[in-house]
Amino acid sequence: MSDIGWTDVTATTGVTSLILSRLGYEPKVSVLSVPVTYAAMKNKDIDVFLGNWMPSMSHDQAPFVADASVQVVRPNLTGAKYTLAVPTYLYKAGLKDFSDIKRFRSVLGGAIYGLESGNDGNRHILDIIAKNDFGLGDFKLVESSEQGMLAEVERAYHAKKPVVFLGWAPHPMNTRFDISYLTGGDAYFGPNFGGAVIYTNVRAGYLQQCPNVGRLLKNLSFSLVGESQLMGLILNGGKDPQVAARTWLGANPSVLPGWLNGVSTYDGRSALTAFGAPEVQASGPSFQGWLVGHKLPVGPAVTFAIAKVKQHMTPLFDGIAFVTGGLVNGLTTALAWIPAPVLILAIGALAYVIRRSIPLTIFVVAALLFIVNQGYWAETVETLSLVLVAALVSTILGVPIGIAAAHRPWLNDALRPVLDLMQTLPTFVYLIPTLVLFGLGVVPGLISTVIFAMPAPIRLTQMGIVSAPKALIEAGQAFGATKSQLLWKVELPAARMAIIAGVTQCIMLCLSMVVIAALVGAGGLGVPVVRALNTVNVGMGFEAGFAIVLLAIILDRVTRPAERSERS
């Protein structure tokens, strides 16, 4: 089964998966984008998809229905809607239609907030921007995820700031926020505010190969109220989809006779008998069960701490976001203002001044021209700005900390496990608290990048200082040098190559975060990579990938420490 990451699809998939488990099956749920879901169904890697929103997914579904690789079973929900929405206070201020958005461009920052890259709603917005419909040609789409988008909406909502985003029903957002849906988008999202019917799809031949599950899928339908309750348990109650499904089915057993009509268990008994008996728990070691039952509240503790920090330190984080976001956006604007040929020649000249290598200079210019040729110059400029600012901040913070650690062994011992954690913690984990604290955009990407990259200058600076020749230090002390003079005249020159290596490694680590940062709306070359992944667009993926590789080679060759032969 495919779960596209929308809470409503997660909820219905969770309920169906729980029912199948009780019937004796072993369902497997994979989180995939919509285009990947249909490609996987055609390859027979996915059997069932419960989230075919129509008509907005017509473009994604049509080719697979046309070649008979995907079969439509039945509608499982009617009365839904899906289009752009705004907080009601903005609606009352005059933003009521798609054509009104352009009048609010300055207060909106020229941004519309969408879902994951490759999403059908995102594609509609990108089409509007590409065609300059409603005068939105100079707007940008901020892509992230359902929860990322809603986190940004929540920040804007509590501050009474303008925001335009993808909204739909059923969803708890409709009760959590006072929102209104925009008119005028019928040509893209369909009439009646993107009025939608959600269908169950299966891969070709599945209903014939597994008629018992097919009967369940033909019976399965949800109501707006029931689906909203399920999503509330997941979003507001913080429950796992399986736990939410179990809770909801326990409170709504009346749905089962209709859903299980004509359905049997895997071993041929009446399906209702599986729900009449107590649920059989998976067997396992009693010690493991006891230990899991006494789970340490690590997750709740971190959630509570982040909530308290957000509650009491929002002005501080807003100030940090203003400064760091201003640095990156200002540098991006400045670089984008320079004509591409002029900037390419300037970068080539800088490469020659630093390395004194004509072949490298030619390579730099040729690589940048190739990026322009492939149509990724604007994204490259955004990525370069993010990398440069992140590397600068990491270096400014990391080098002094490395010096302090070299002079204070106790500090180095204390920092070691912290730096290990910073470098080994999955980078996706950094995005969660930074997204909550700073919202969508370049800032959470920048902060996460700095945290991930800073250990390199700290460690290499510390190593360089500690490795300074003892004879030089003793000579300096013998001549009466102060600690400050020893640092500037002896230790730092001796550690210069290690520090430069730390900065170079820091830049490479920053660049490695490009794709990850795109998941929280940071922009840059990560956006086409993620979009290509979610739309199974091999060509776009390789084009953007080559651009990232070329930029990485340029930064590495220009900033790496000189080889001995070069220095001689």
# chains A, B, ... in the order shown; residues from 1 in each chain; ligands from 1
call {"tool": "residues_around", "arguments": {"residues": "range 251-263 of chain A", "least_positions_apart": "5", "cutoff": "6 Å", "atoms": "only C-alpha atoms", "output": "ChimeraX atom specification"}}
result
/A:212,219-220,271
call {"tool": "closest_atom_pairs", "arguments": {"of": "range 96-163 of chain A", "to": "range 68-87 of chain A", "cutoff": "12 Å", "atoms": "only C-alpha atoms", "output": "Markdown table"}}
result
| residue | atom | partner | partner_atom | distance |
| --- | --- | --- | --- | --- |
| A:Lys96 | CA | A:Val86 | CA | 8.4 |
| A:Asp97 | CA | A:Leu84 | CA | 9.2 |
| A:Phe98 | CA | A:Leu84 | CA | 8.1 |
| A:Ser99 | CA | A:Leu84 | CA | 11.9 |
| A:Asp100 | CA | A:Val86 | CA | 11.6 |
| A:Ile101 | CA | A:Val86 | CA | 10.2 |
| A:Phe104 | CA | A:Val86 | CA | 11.9 |
| A:Leu108 | CA | A:Val86 | CA | 11.0 |
| A:Ile112 | CA | A:Leu84 | CA | 8.9 |
| A:Tyr113 | CA | A:Leu84 | CA | 9.2 |
| A:Gly114 | CA | A:Leu84 | CA | 9.1 |
| A:Leu115 | CA | A:Leu84 | CA | 11.6 |
| A:Asp120 | CA | A:Tyr82 | CA | 10.6 |
| A:Gly121 | CA | A:Thr83 | CA | 7.6 |
| A:Asn122 | CA | A:Thr83 | CA | 10.3 |
| A:His124 | CA | A:Thr83 | CA | 9.6 |
| A:Ile125 | CA | A:Leu84 | CA | 9.1 |
| A:Leu150 | CA | A:Ala85 | CA | 11.8 |
| A:Val153 | CA | A:Pro87 | CA | 8.6 |
| A:Glu154 | CA | A:Pro87 | CA | 10.0 |
| A:Arg155 | CA | A:Pro87 | CA | 11.7 |
| A:Ala156 | CA | A:Pro87 | CA | 9.0 |
| A:Tyr157 | CA | A:Pro87 | CA | 6.9 |
| A:His158 | CA | A:Pro87 | CA | 10.4 |
| A:Ala159 | CA | A:Pro87 | CA | 11.3 |
| A:Lys160 | CA | A:Pro87 | CA | 8.5 |
| A:Lys161 | CA | A:Pro87 | CA | 8.9 |
| A:Pro162 | CA | A:Pro87 | CA | 7.5 |
| A:Val163 | CA | A:Val86 | CA | 6.1 |
call {"tool": "residues_around", "arguments": {"residues": "Ala404 in chain A", "least_positions_apart": "4", "cutoff": "12 Å", "atoms": "only C-alpha atoms", "output": "PyMOL selection string"}}
result
chain A and resi 397-400+408-415+458-459+461-463+465-466+487
call {"tool": "write_last_selection", "arguments": {"atoms": "C-alpha atoms", "output": "compact mmCIF listing (two decimals), in the first residue's frame"}}
result
# COMPACT_ATOMS: atom_id res chain seq x y z
CA LEU A 397 32.05 30.11 15.49
CA GLY A 398 34.17 27.00 14.98
CA VAL A 399 37.72 28.37 14.83
CA PRO A 400 37.59 30.23 18.20
CA ARG A 408 41.76 23.72 27.71
CA PRO A 409 41.85 19.91 27.69
CA TRP A 410 38.74 19.71 29.89
CA LEU A 411 36.78 21.69 27.29
CA ASN A 412 38.02 19.41 24.50
CA ASP A 413 36.92 16.36 26.50
CA ALA A 414 33.49 17.91 27.06
CA LEU A 415 33.12 18.89 23.39
CA ILE A 458 36.42 23.02 15.53
CA ARG A 459 38.21 19.69 15.35
CA THR A 461 41.60 23.90 14.43
CA GLN A 462 42.05 22.12 17.76
CA MET A 463 44.24 19.50 16.12
CA ILE A 465 46.95 24.16 17.53
CA VAL A 466 47.82 21.06 19.58
CA LEU A 487 48.69 32.37 19.58
call {"tool": "residues_around", "arguments": {"residues": "Ile344 in chain A", "least_positions_apart": "6", "cutoff": "8 Å", "atoms": "only C-alpha atoms", "output": "ChimeraX atom specification"}}
result
/A:365,368-369
call {"tool": "residues_around", "arguments": {"residues": "Val442 in chain A", "least_positions_apart": "3", "cutoff": "7 Å", "atoms": "only C-alpha atoms", "output": "count of residues only"}}
result
5
call {"tool": "residues_around", "arguments": {"residues": "range 358-361 of chain A", "least_positions_apart": "4", "cutoff": "12 Å", "atoms": "only C-alpha atoms", "output": "VMD selection string"}}
result
chain A and resid 344 to 354 365 to 368 553 to 558
call {"tool": "write_last_selection", "arguments": {"atoms": "all heavy atoms", "output": "short mmCIF file (atom, residue, chain, number, x, y, z; two decimals), in the first residue's frame"}}
result
data_model
loop_
_atom_site.label_atom_id
_atom_site.label_comp_id
_atom_site.auth_asym_id
_atom_site.auth_seq_id
_atom_site.Cartn_x
_atom_site.Cartn_y
_atom_site.Cartn_z
N ILE A 344 30.31 34.90 -13.89
CA ILE A 344 31.12 33.74 -14.25
C ILE A 344 32.58 34.15 -14.47
O ILE A 344 33.50 33.48 -13.99
CB ILE A 344 30.54 33.06 -15.51
CG1 ILE A 344 29.21 32.39 -15.16
CG2 ILE A 344 31.52 32.03 -16.07
CD1 ILE A 344 28.47 31.85 -16.36
N LEU A 345 32.78 35.25 -15.19
CA LEU A 345 34.15 35.73 -15.41
C LEU A 345 34.81 36.14 -14.10
O LEU A 345 36.01 35.90 -13.89
CB LEU A 345 34.14 36.89 -16.39
CG LEU A 345 33.79 36.54 -17.85
CD1 LEU A 345 33.70 37.82 -18.70
CD2 LEU A 345 34.84 35.59 -18.44
N ALA A 346 34.03 36.76 -13.21
CA ALA A 346 34.58 37.17 -11.91
C ALA A 346 34.99 35.96 -11.08
O ALA A 346 36.06 35.96 -10.44
CB ALA A 346 33.54 38.00 -11.16
N ILE A 347 34.17 34.91 -11.08
CA ILE A 347 34.51 33.71 -10.34
C ILE A 347 35.73 33.03 -10.95
O ILE A 347 36.63 32.54 -10.24
CB ILE A 347 33.31 32.73 -10.30
CG1 ILE A 347 32.16 33.36 -9.52
CG2 ILE A 347 33.71 31.39 -9.68
CD1 ILE A 347 30.88 32.55 -9.55
N GLY A 348 35.81 33.02 -12.28
CA GLY A 348 36.98 32.46 -12.94
C GLY A 348 38.24 33.23 -12.59
O GLY A 348 39.30 32.64 -12.33
N ALA A 349 38.14 34.58 -12.57
CA ALA A 349 39.29 35.41 -12.21
C ALA A 349 39.71 35.16 -10.76
O ALA A 349 40.91 35.09 -10.44
CB ALA A 349 38.96 36.88 -12.41
N LEU A 350 38.72 35.01 -9.87
CA LEU A 350 39.03 34.73 -8.47
C LEU A 350 39.74 33.38 -8.34
O LEU A 350 40.70 33.25 -7.56
CB LEU A 350 37.73 34.73 -7.65
CG LEU A 350 37.87 34.43 -6.16
CD1 LEU A 350 38.71 35.50 -5.47
CD2 LEU A 350 36.49 34.32 -5.50
N ALA A 351 39.28 32.39 -9.10
CA ALA A 351 39.92 31.08 -9.07
C ALA A 351 41.38 31.19 -9.52
O ALA A 351 42.28 30.56 -8.93
CB ALA A 351 39.16 30.10 -9.95
N TYR A 352 41.64 32.01 -10.53
CA TYR A 352 43.03 32.16 -11.01
C TYR A 352 43.90 32.88 -9.98
O TYR A 352 45.05 32.48 -9.74
CB TYR A 352 43.05 32.93 -12.32
CG TYR A 352 44.45 33.12 -12.85
CD1 TYR A 352 45.13 32.08 -13.47
CD2 TYR A 352 45.11 34.34 -12.67
CE1 TYR A 352 46.42 32.25 -13.93
CE2 TYR A 352 46.41 34.51 -13.12
CZ TYR A 352 47.07 33.46 -13.74
OH TYR A 352 48.35 33.62 -14.19
N VAL A 353 43.33 33.92 -9.33
CA VAL A 353 44.09 34.67 -8.33
C VAL A 353 44.47 33.76 -7.16
O VAL A 353 45.59 33.82 -6.64
CB VAL A 353 43.28 35.88 -7.84
CG1 VAL A 353 43.93 36.51 -6.61
CG2 VAL A 353 43.13 36.91 -8.94
N ILE A 354 43.54 32.88 -6.76
CA ILE A 354 43.78 32.02 -5.61
C ILE A 354 44.72 30.87 -5.95
O ILE A 354 45.65 30.56 -5.20
CB ILE A 354 42.45 31.48 -5.05
CG1 ILE A 354 41.61 32.64 -4.50
CG2 ILE A 354 42.70 30.44 -3.97
CD1 ILE A 354 40.23 32.21 -4.04
N VAL A 365 35.12 28.26 -15.51
CA VAL A 365 34.27 29.01 -16.46
C VAL A 365 33.40 28.04 -17.27
O VAL A 365 32.19 28.26 -17.44
CB VAL A 365 35.14 29.88 -17.39
CG1 VAL A 365 34.28 30.52 -18.48
CG2 VAL A 365 35.85 30.96 -16.57
N ALA A 366 33.99 26.96 -17.76
CA ALA A 366 33.24 25.99 -18.57
C ALA A 366 32.14 25.32 -17.74
O ALA A 366 31.02 25.12 -18.23
CB ALA A 366 34.19 24.94 -19.14
N ALA A 367 32.44 24.98 -16.50
CA ALA A 367 31.45 24.32 -15.64
C ALA A 367 30.28 25.25 -15.37
O ALA A 367 29.10 24.84 -15.42
CB ALA A 367 32.10 23.89 -14.33
N LEU A 368 30.56 26.50 -15.08
CA LEU A 368 29.48 27.46 -14.81
C LEU A 368 28.65 27.73 -16.07
O LEU A 368 27.42 27.88 -15.99
CB LEU A 368 30.06 28.76 -14.25
CG LEU A 368 30.72 28.63 -12.86
CD1 LEU A 368 31.33 29.95 -12.44
CD2 LEU A 368 29.70 28.17 -11.82
N ILE A 553 33.00 20.56 -7.09
CA ILE A 553 34.38 20.49 -7.58
C ILE A 553 35.01 21.88 -7.59
O ILE A 553 36.16 22.06 -7.19
CB ILE A 553 34.41 19.86 -8.99
CG1 ILE A 553 34.00 18.39 -8.92
CG2 ILE A 553 35.81 19.98 -9.59
CD1 ILE A 553 33.85 17.74 -10.28
N ILE A 554 34.25 22.87 -8.04
CA ILE A 554 34.77 24.24 -8.08
C ILE A 554 35.15 24.70 -6.67
O ILE A 554 36.26 25.21 -6.44
CB ILE A 554 33.73 25.20 -8.71
CG1 ILE A 554 33.56 24.91 -10.20
CG2 ILE A 554 34.14 26.65 -8.49
CD1 ILE A 554 32.40 25.64 -10.83
N LEU A 555 34.24 24.54 -5.73
CA LEU A 555 34.51 25.00 -4.37
C LEU A 555 35.68 24.23 -3.75
O LEU A 555 36.52 24.81 -3.04
CB LEU A 555 33.26 24.83 -3.50
CG LEU A 555 32.08 25.76 -3.84
CD1 LEU A 555 30.84 25.38 -3.04
CD2 LEU A 555 32.46 27.21 -3.55
N ASP A 556 35.74 22.95 -4.03
CA ASP A 556 36.83 22.13 -3.46
C ASP A 556 38.18 22.54 -4.03
O ASP A 556 39.15 22.73 -3.29
CB ASP A 556 36.55 20.66 -3.73
CG ASP A 556 37.68 19.77 -3.23
OD1 ASP A 556 37.88 19.71 -2.01
OD2 ASP A 556 38.35 19.15 -4.07
N ARG A 557 38.26 22.67 -5.36
CA ARG A 557 39.55 22.98 -5.98
C ARG A 557 40.03 24.38 -5.63
O ARG A 557 41.24 24.61 -5.50
CB ARG A 557 39.43 22.86 -7.51
CG ARG A 557 39.10 21.46 -8.02
CD ARG A 557 40.20 20.45 -7.68
NE ARG A 557 39.93 19.17 -8.29
CZ ARG A 557 39.22 18.20 -7.75
NH1 ARG A 557 38.71 18.38 -6.54
NH2 ARG A 557 39.02 17.05 -8.38
N VAL A 558 39.11 25.30 -5.46
CA VAL A 558 39.51 26.68 -5.18
C VAL A 558 39.91 26.87 -3.73
O VAL A 558 40.83 27.64 -3.42
CB VAL A 558 38.37 27.65 -5.56
CG1 VAL A 558 38.67 29.07 -5.08
CG2 VAL A 558 38.16 27.66 -7.08
#
call {"tool": "residues_around", "arguments": {"residues": "range 38-49 of chain A", "least_positions_apart": "6", "cutoff": "8 Å", "atoms": "only C-alpha atoms", "output": "PyMOL selection string"}}
result
chain A and resi 1-3+60-61+64+69-70+200-204+206+536
call {"tool": "atom_distance", "arguments": {"atom1": "CA of Trp53 in chain A", "atom2": "CA of Ile4 in chain A"}}
result
11.3 Å
call {"tool": "atom_distance", "arguments": {"atom1": "CA of Ser467 in chain A", "atom2": "CA of Ala495 in chain A"}}
result
7.4 Å
call {"tool": "closest_atom_pairs", "arguments": {"of": "range 482-507 of chain A", "to": "range 386-391 of chain A", "cutoff": "8 Å", "atoms": "only C-alpha atoms", "output": "tab-separated table"}}
result
residue	atom	partner	partner_atom	distance
A:Val503	CA	A:Ala391	CA	7.3
A:Cys506	CA	A:Ala391	CA	6.1
A:Ile507	CA	A:Ala391	CA	5.5
call {"tool": "write_last_selection", "arguments": {"atoms": "C-alpha atoms", "output": "tab-separated table (two decimals), in the first residue's frame"}}
result
chain	number	residue	atom	x	y	z
A	503	VAL	CA	37.25	25.43	6.32
A	506	CYS	CA	33.20	22.75	6.23
A	507	ILE	CA	32.28	24.09	2.77
call {"tool": "atom_distance", "arguments": {"atom1": "CA of Gly464 in chain A", "atom2": "CA of Ile499 in chain A"}}
result
6.8 Å
